[in-house]
Amino acid sequence: MIGIVAVSHSARLGEAALELALQMVPGGGVRVDVAAGAGVDADGTPVLGTDAVAVATAIDAVAADCDGVLVLMDLGSAVLSAELALELRASDVPVRLAPAPFVEGLLAAVVAAAAGADLDAVAAEASGALAAKSGQLGEADDVAAGAGAGTADAGAGGADTGGADVGEASEDAVVRRVTVRNPLGIHARPAALIAEAAAGADVRLRRLPDGIEASAASLTRLLALGARRGTDFELIGRGPGAAEAVERLAALFDDGFGEGTEEARGEATESVRPTPGGGAAAADTGAPVAIEPGAVLRGRGVSPGRVAGPVVHVAPPLPEPDAGTVIPPDQRDAEVSAIEWAAVAVADQLRSRTAQATGEARAILDASRLLASDPELVSEATALVRTKGRTAARAVWETAAAHEQALVALGGRMAERAADIRDVRDRIIAEILRVDMPGVPDREEPFVLVATDLSPADTATLDGGHCIALVTEQGGPTSHTAIIARSLGLPAVVGLSGALEIAEGTAVLVDGERGTVTVEPGEAEVASARAASTVVRFDGRGRLGDGHRVPLLANVGGAADATTAASAHAEGVGLFRTEFCFLNRVEAPTIDEQVAAYRGVLAAFPGRKVVVRTLDAGSDKPLPFANADEEDNPALGVRGLRIARRNPALLDDQLRALARAADAESAEVEVMAPMVATVDEAAGFAERCRAAGLDRVGIMIETPAAALLAAELFAVVDFVSLGTNDLAQYTMAADRLLSDLGELNDPWQPAVLRLIGLVGAAGRAAGKPVGVCGEAGGDAALAPVLVGLGVTSLSMTPRSLGRVAAALDAVTSEECRRAADAARGAATAVAAREAAARVLSETGER
Ligand code: PEP
Ligand code: MG
C-alpha cells in the first residue's frame, strides 16, 4: 500500500483538504497524515508555516504501514521543508515528492492509493490531477498536455487515455454497456466510487461512440472523460476478478451512483417501459396500455403554468443510413448535388428561423446554420461519394461522425457542440431523403410538444412558435429543456415515463407546477387553464378600486426572468429564488460568481424593491453542494435556512455577495430566509444579515409554526412573505409534488386561510408588510381574499400580473375584508371559494 503525507502552511487547510479527500474513499483503505502549520503562538493562535521535523515524523509514521510514501505540498517553503524531511526521516521505504496541485492532487492520490496503485501510478495520478479542470474550462491544449503527462500505469488498471486511443476488446474480455444516468455525470464522487468498485481488477471504461478510454482506477482520467448524463460506455474487464468488478460497476451506473435516482427512474432503459395509464407512478408491466381519458400522468414540474392543447410529437431521429450500398460511378454526380442542395436548403431554413429568434435561441440557431454551411462538411461528404461510392445520406453521416469525434476529443465546451453537429447532420439527411425533418414540426395552432428529450436546436425554435407547453420522457430540473422552458415561460413537465404513448392529437392539460399531464381533461379544467393562460396587460400599479395600493411584484429565478418581469411592468421582485442560479453546480459558487448572478437581477429593477431569498436548497430543489446527505424525509429535513446549521459559511458568503451586489446596483434590496420555524432562527438570521450590511431583513412564512408565532417574529424582522406552496404542504401534511394530493395542497383550504389571517393580523398590529410569494399570489380569484386577510403585496409569475391587477381593481378594501371573512369561516376549500365568489359577485352587482 502507498501512504500519503500532505504538507501545508496552514493546519486548517491541511485538515480540510484531508477531509475532502477522505470523502472520496468512504471504504477507507488508505493511510494519510497531515504535517501542517508551525505550531501555535503564545496566545494559542495557529502559526502559518511548515516544519521539516514534523514532516519527517509524518513520513516515518506513514512509512511504518506502507510500501511507499507520496508527499504533496502546498507552496514554496513547504517544498523546502519536505526536501529537508527526506534527509531527516528514519524510515527507508521509497518516498516521492509530487509536483502536483495540493487539493486536486491529494484527492487523486488518495483514490489511486485506495485502489491499490503503486507509487509511480499514485504519483502520476496526483500530477495529472488538473487535467479535468483544464478540460472543463476549455483549455484543450492543457488537457492534452496533462493527459500525456499522466499516462503512466495506474497500478490496478493503467491510466492511458487523453487521446483517441480506440481499443478493441479482445475475445477474453468481459464487456458490459452502460449509460451515465445521474444528472451531473461523472464528477469527483462517482469517479471515486468507480475507482473503489474496480479496485484490484483491470477494468477500463470506453466512451461511446468515440472510443476514448480511461482506466477505472484513475480518478483524473475518469474526470477527463467529461461524461454527462446520457453518455454511453463499454466497461471492459480483463483477468482475475474482472467479471465481478464489471458487475459492481454496472450496478453503480444503473443506480445513478446513488444520485438523482428519481431522474434515473424517469429515464428507464428501453427494456423497462412504465405504464402511463392509471395516474401517478404507474406500475411496470412491460407492455403499452391505452391511456384512459382523465388519466393523470406524473413527471416532474420544472416550469410553472397550466395550459391545455393537443399533443404533437417531435419527429424521431433518423436511422443510420445503410453502409453497404455502393453508388455506381456514373450516378455519383447526382448524389453529390443532392448533398450540396440539401446543405443549402438546411442553412436557409435555419437562417430564417434565426431571424425570428432572439437572445440565447438566436445564438444557438446561428451556430447550427454555420455548421450546415461549413464547406468542409460538404466537401468531405462529397469526396466520400466520389471516391468510395457512398450514398449521399451515408456520406453525410460518416463525415458528421468524424467532425463530432474531433470535437469530443477536444473536450470541455467544444465537446458540447457535438449535439449540434448531430442535429445538423439529421436535417441534411432528411432533406436528401425527402422525409420529415426531425425535431419540432411547424404547426399553425397551439400545441403541447411531447418528446423523449429536446435537442438545443429544437428548444431554440420554440420561441415565437405555437408550442404552449413541453412534456419530455427524460430530463430533470437542470436539463436544457427545463432551463429553456423557464426562460420562455412555457409550462413544462419532464421525466414523464411513457409520455410518447399519448397519441398525437390527444388533448392534454399540462400543469408545470404539480408536474402532471391530464389526458383528455374535462371542459371545466380546460376552461380554467385557458383563462389562467390568457395574458392581460398590467399598467405597473397594483391597487384596489378605492385606490388602496397593493404592489404587484414578480417571482424570478435569474437575470433573464428579471428582464421579462421588468417588461411586464412588475413593480419589483417579491421573490428572487437564488438557488435557481446554481442548480447544476457541484461546488458552491464563489462570492464573485454570486455577485455577478445577483447583480443581473438587481440591474433590471433600478430604484425598485427586490426581495432576495437566501438559498432554499433541499427537498424538491436539492443543490449538490449544499445537500450532501440522503434524507428519509427531505421536505422535513435540512433545507432552506436549516442548511446554515451545518454550513454557516455558505449563508455568510451569500450574504456577503448580496451586500456587494446591493452596493453596486441601485435596487432596494431586501433579504429573506426560507423555511423558518422558530423565533431564534429568525433572530439569528437577522443578526447575520445586518452584520453583513443588509438592513431590510425578513423571513418566509412557510411552516405552521412560523404562522402561529407571527407576532413574535415581527419583533425581530422587518417583513414577512407567505410561501403558500410550502405553507399548504406543511399545514395539510401533503407532499406538494404528489398530484394525487392536489386538493389538499390548495391555499383555499380554510386551515391555510386561517393561518394566513393570523399572519395578516400580526402584520397590521406591528405595522409591517406581509407579502405572498407562493403560487397563491398569482391566483386572481384569491387575491381579494388575501388582501382582506391582511396581505399587503403579492408576488407572482409575470404572466399573472394583469389578471390579478384587474381582479383587485374591481373591489374595495371593505369588500376584500368581507370576502376574506366568508372564505375563512367556511368548512371546506370548495365552500371557501364559493363563499368568496358569492360576496364578490354580490358587490359586483351593486
Ligand atoms: C413557497 O413555498 O410558496 C415558495 C414561494 O417557495 P418555493 O415554491 O420556492 O418553495
Ligand atoms: Mg417554499
# chains A, B, ... in the order shown; residues from 1 in each chain; ligands from 1
$ select_by_dssp --residues "range 598-700 of chain A" --states "strand (DSSP E)" --output "list in words"
Lys609, Val610, Val611, Val612, Arg613, Glu668, Val669, Glu670, Val671, Met672, Ala673, Val697, Gly698, Ile699 and Met700 of chain A
$ write_last_selection --atoms "C-alpha atoms" --output "mmCIF file, in the first residue's frame"
data_model
loop_
_atom_site.group_PDB
_atom_site.id
_atom_site.type_symbol
_atom_site.label_atom_id
_atom_site.label_comp_id
_atom_site.auth_asym_id
_atom_site.auth_seq_id
_atom_site.Cartn_x
_atom_site.Cartn_y
_atom_site.Cartn_z
ATOM 1 C CA LYS A 609 -37.683 46.711 -4.430
ATOM 2 C CA VAL A 610 -36.024 43.304 -4.960
ATOM 3 C CA VAL A 611 -36.640 40.691 -2.264
ATOM 4 C CA VAL A 612 -33.852 38.151 -2.409
ATOM 5 C CA ARG A 613 -34.378 34.782 -0.801
ATOM 6 C CA GLU A 668 -33.658 48.402 -2.931
ATOM 7 C CA VAL A 669 -32.505 45.019 -1.714
ATOM 8 C CA GLU A 670 -34.410 43.146 0.966
ATOM 9 C CA VAL A 671 -33.288 39.705 2.127
ATOM 10 C CA MET A 672 -35.384 36.861 3.467
ATOM 11 C CA ALA A 673 -34.789 33.326 4.676
ATOM 12 C CA VAL A 697 -34.455 41.627 6.698
ATOM 13 C CA GLY A 698 -37.439 39.324 6.545
ATOM 14 C CA ILE A 699 -38.435 35.689 6.634
ATOM 15 C CA MET A 700 -40.765 33.473 4.681
#
$ residues_near_ligand --ligand "ligand 1" --cutoff "7 Å" --atoms "only C-alpha atoms and all ligand atoms" --output "list in words"
Arg577, Asp616, Glu702, Leu722, Gly723, Thr724, Asn725, Asp726, Leu727, Cys773, Gly774 and Glu775 of chain A
$ residues_around --residues "Val34 in chain A" --least-positions-apart "2" --cutoff "12 Å" --atoms "only C-alpha atoms" --output "count of residues only"
39
$ residues_around --residues "range 539-555 of chain A" --least-positions-apart "2" --cutoff "7 Å" --atoms "only C-alpha atoms" --output "PyMOL selection string"
chain A and resi 537+565+569-576+792-798+801+805+808-813
$ write_last_selection --atoms "N, CA and C atoms" --output "PDB file, in the first residue's frame"
ATOM      1  N   ARG A 537     -52.715  42.728 -19.899  1.00  0.00           N
ATOM      2  CA  ARG A 537     -51.680  43.748 -19.682  1.00  0.00           C
ATOM      3  C   ARG A 537     -51.781  44.359 -18.285  1.00  0.00           C
ATOM      4  N   ALA A 565     -39.747  40.124 -16.358  1.00  0.00           N
ATOM      5  CA  ALA A 565     -40.639  40.716 -15.360  1.00  0.00           C
ATOM      6  C   ALA A 565     -40.689  42.232 -15.498  1.00  0.00           C
ATOM      7  N   HIS A 569     -43.896  45.042 -16.578  1.00  0.00           N
ATOM      8  CA  HIS A 569     -44.205  46.161 -15.670  1.00  0.00           C
ATOM      9  C   HIS A 569     -44.373  45.735 -14.217  1.00  0.00           C
ATOM     10  N   ALA A 570     -43.736  44.625 -13.821  1.00  0.00           N
ATOM     11  CA  ALA A 570     -43.766  44.261 -12.391  1.00  0.00           C
ATOM     12  C   ALA A 570     -43.223  45.443 -11.597  1.00  0.00           C
ATOM     13  N   GLU A 571     -43.787  45.660 -10.389  1.00  0.00           N
ATOM     14  CA  GLU A 571     -43.348  46.824  -9.604  1.00  0.00           C
ATOM     15  C   GLU A 571     -42.015  46.576  -8.899  1.00  0.00           C
ATOM     16  N   GLY A 572     -41.568  45.352  -8.954  1.00  0.00           N
ATOM     17  CA  GLY A 572     -40.316  44.966  -8.319  1.00  0.00           C
ATOM     18  C   GLY A 572     -40.285  43.454  -8.292  1.00  0.00           C
ATOM     19  N   VAL A 573     -39.390  42.911  -7.491  1.00  0.00           N
ATOM     20  CA  VAL A 573     -39.304  41.449  -7.357  1.00  0.00           C
ATOM     21  C   VAL A 573     -39.706  41.091  -5.928  1.00  0.00           C
ATOM     22  N   GLY A 574     -40.697  40.222  -5.793  1.00  0.00           N
ATOM     23  CA  GLY A 574     -41.149  39.801  -4.459  1.00  0.00           C
ATOM     24  C   GLY A 574     -40.474  38.520  -4.027  1.00  0.00           C
ATOM     25  N   LEU A 575     -39.894  37.800  -4.980  1.00  0.00           N
ATOM     26  CA  LEU A 575     -39.176  36.555  -4.640  1.00  0.00           C
ATOM     27  C   LEU A 575     -38.136  36.288  -5.716  1.00  0.00           C
ATOM     28  N   PHE A 576     -36.870  36.409  -5.330  1.00  0.00           N
ATOM     29  CA  PHE A 576     -35.769  36.002  -6.203  1.00  0.00           C
ATOM     30  C   PHE A 576     -35.267  34.682  -5.635  1.00  0.00           C
ATOM     31  N   THR A 792     -50.246  42.629   2.186  1.00  0.00           N
ATOM     32  CA  THR A 792     -50.017  43.985   1.676  1.00  0.00           C
ATOM     33  C   THR A 792     -49.385  44.028   0.284  1.00  0.00           C
ATOM     34  N   SER A 793     -48.800  42.905  -0.189  1.00  0.00           N
ATOM     35  CA  SER A 793     -48.288  42.864  -1.571  1.00  0.00           C
ATOM     36  C   SER A 793     -48.354  41.425  -2.069  1.00  0.00           C
ATOM     37  N   LEU A 794     -48.403  41.291  -3.397  1.00  0.00           N
ATOM     38  CA  LEU A 794     -48.492  39.944  -3.991  1.00  0.00           C
ATOM     39  C   LEU A 794     -47.374  39.798  -5.011  1.00  0.00           C
ATOM     40  N   SER A 795     -46.753  38.616  -5.022  1.00  0.00           N
ATOM     41  CA  SER A 795     -45.683  38.377  -5.983  1.00  0.00           C
ATOM     42  C   SER A 795     -45.997  37.110  -6.765  1.00  0.00           C
ATOM     43  N   MET A 796     -45.721  37.131  -8.079  1.00  0.00           N
ATOM     44  CA  MET A 796     -46.243  36.062  -8.949  1.00  0.00           C
ATOM     45  C   MET A 796     -45.420  35.946 -10.216  1.00  0.00           C
ATOM     46  N   THR A 797     -45.732  34.939 -11.029  1.00  0.00           N
ATOM     47  CA  THR A 797     -45.122  34.873 -12.346  1.00  0.00           C
ATOM     48  C   THR A 797     -45.624  36.074 -13.155  1.00  0.00           C
ATOM     49  N   PRO A 798     -44.756  36.709 -13.949  1.00  0.00           N
ATOM     50  CA  PRO A 798     -45.158  37.956 -14.616  1.00  0.00           C
ATOM     51  C   PRO A 798     -46.413  37.804 -15.479  1.00  0.00           C
ATOM     52  N   LEU A 801     -49.666  39.010 -13.742  1.00  0.00           N
ATOM     53  CA  LEU A 801     -49.800  40.368 -13.170  1.00  0.00           C
ATOM     54  C   LEU A 801     -51.091  41.064 -13.600  1.00  0.00           C
ATOM     55  N   ALA A 805     -54.166  42.200 -11.211  1.00  0.00           N
ATOM     56  CA  ALA A 805     -54.415  43.646 -11.116  1.00  0.00           C
ATOM     57  C   ALA A 805     -55.884  43.940 -11.416  1.00  0.00           C
ATOM     58  N   LEU A 808     -58.177  42.964  -8.538  1.00  0.00           N
ATOM     59  CA  LEU A 808     -58.099  43.872  -7.381  1.00  0.00           C
ATOM     60  C   LEU A 808     -58.764  45.215  -7.678  1.00  0.00           C
ATOM     61  N   ASP A 809     -58.608  45.651  -8.911  1.00  0.00           N
ATOM     62  CA  ASP A 809     -59.175  46.948  -9.295  1.00  0.00           C
ATOM     63  C   ASP A 809     -60.707  46.935  -9.199  1.00  0.00           C
ATOM     64  N   ALA A 810     -61.277  45.699  -9.220  1.00  0.00           N
ATOM     65  CA  ALA A 810     -62.738  45.599  -9.225  1.00  0.00           C
ATOM     66  C   ALA A 810     -63.335  45.588  -7.827  1.00  0.00           C
ATOM     67  N   VAL A 811     -62.490  45.646  -6.763  1.00  0.00           N
ATOM     68  CA  VAL A 811     -63.023  45.531  -5.397  1.00  0.00           C
ATOM     69  C   VAL A 811     -62.469  46.639  -4.490  1.00  0.00           C
ATOM     70  N   THR A 812     -63.174  46.837  -3.345  1.00  0.00           N
ATOM     71  CA  THR A 812     -62.679  47.826  -2.366  1.00  0.00           C
ATOM     72  C   THR A 812     -62.093  47.099  -1.164  1.00  0.00           C
ATOM     73  N   SER A 813     -61.453  47.855  -0.284  1.00  0.00           N
ATOM     74  CA  SER A 813     -60.869  47.245   0.922  1.00  0.00           C
ATOM     75  C   SER A 813     -61.943  46.538   1.738  1.00  0.00           C
TER      76      SER A 813
END
$ closest_residue --among "A:Phe233, A:Trp341, A:Phe582, A:Tyr730" --to "ligand 2" --atoms "only C-alpha atoms and all ligand atoms"
A:Tyr730
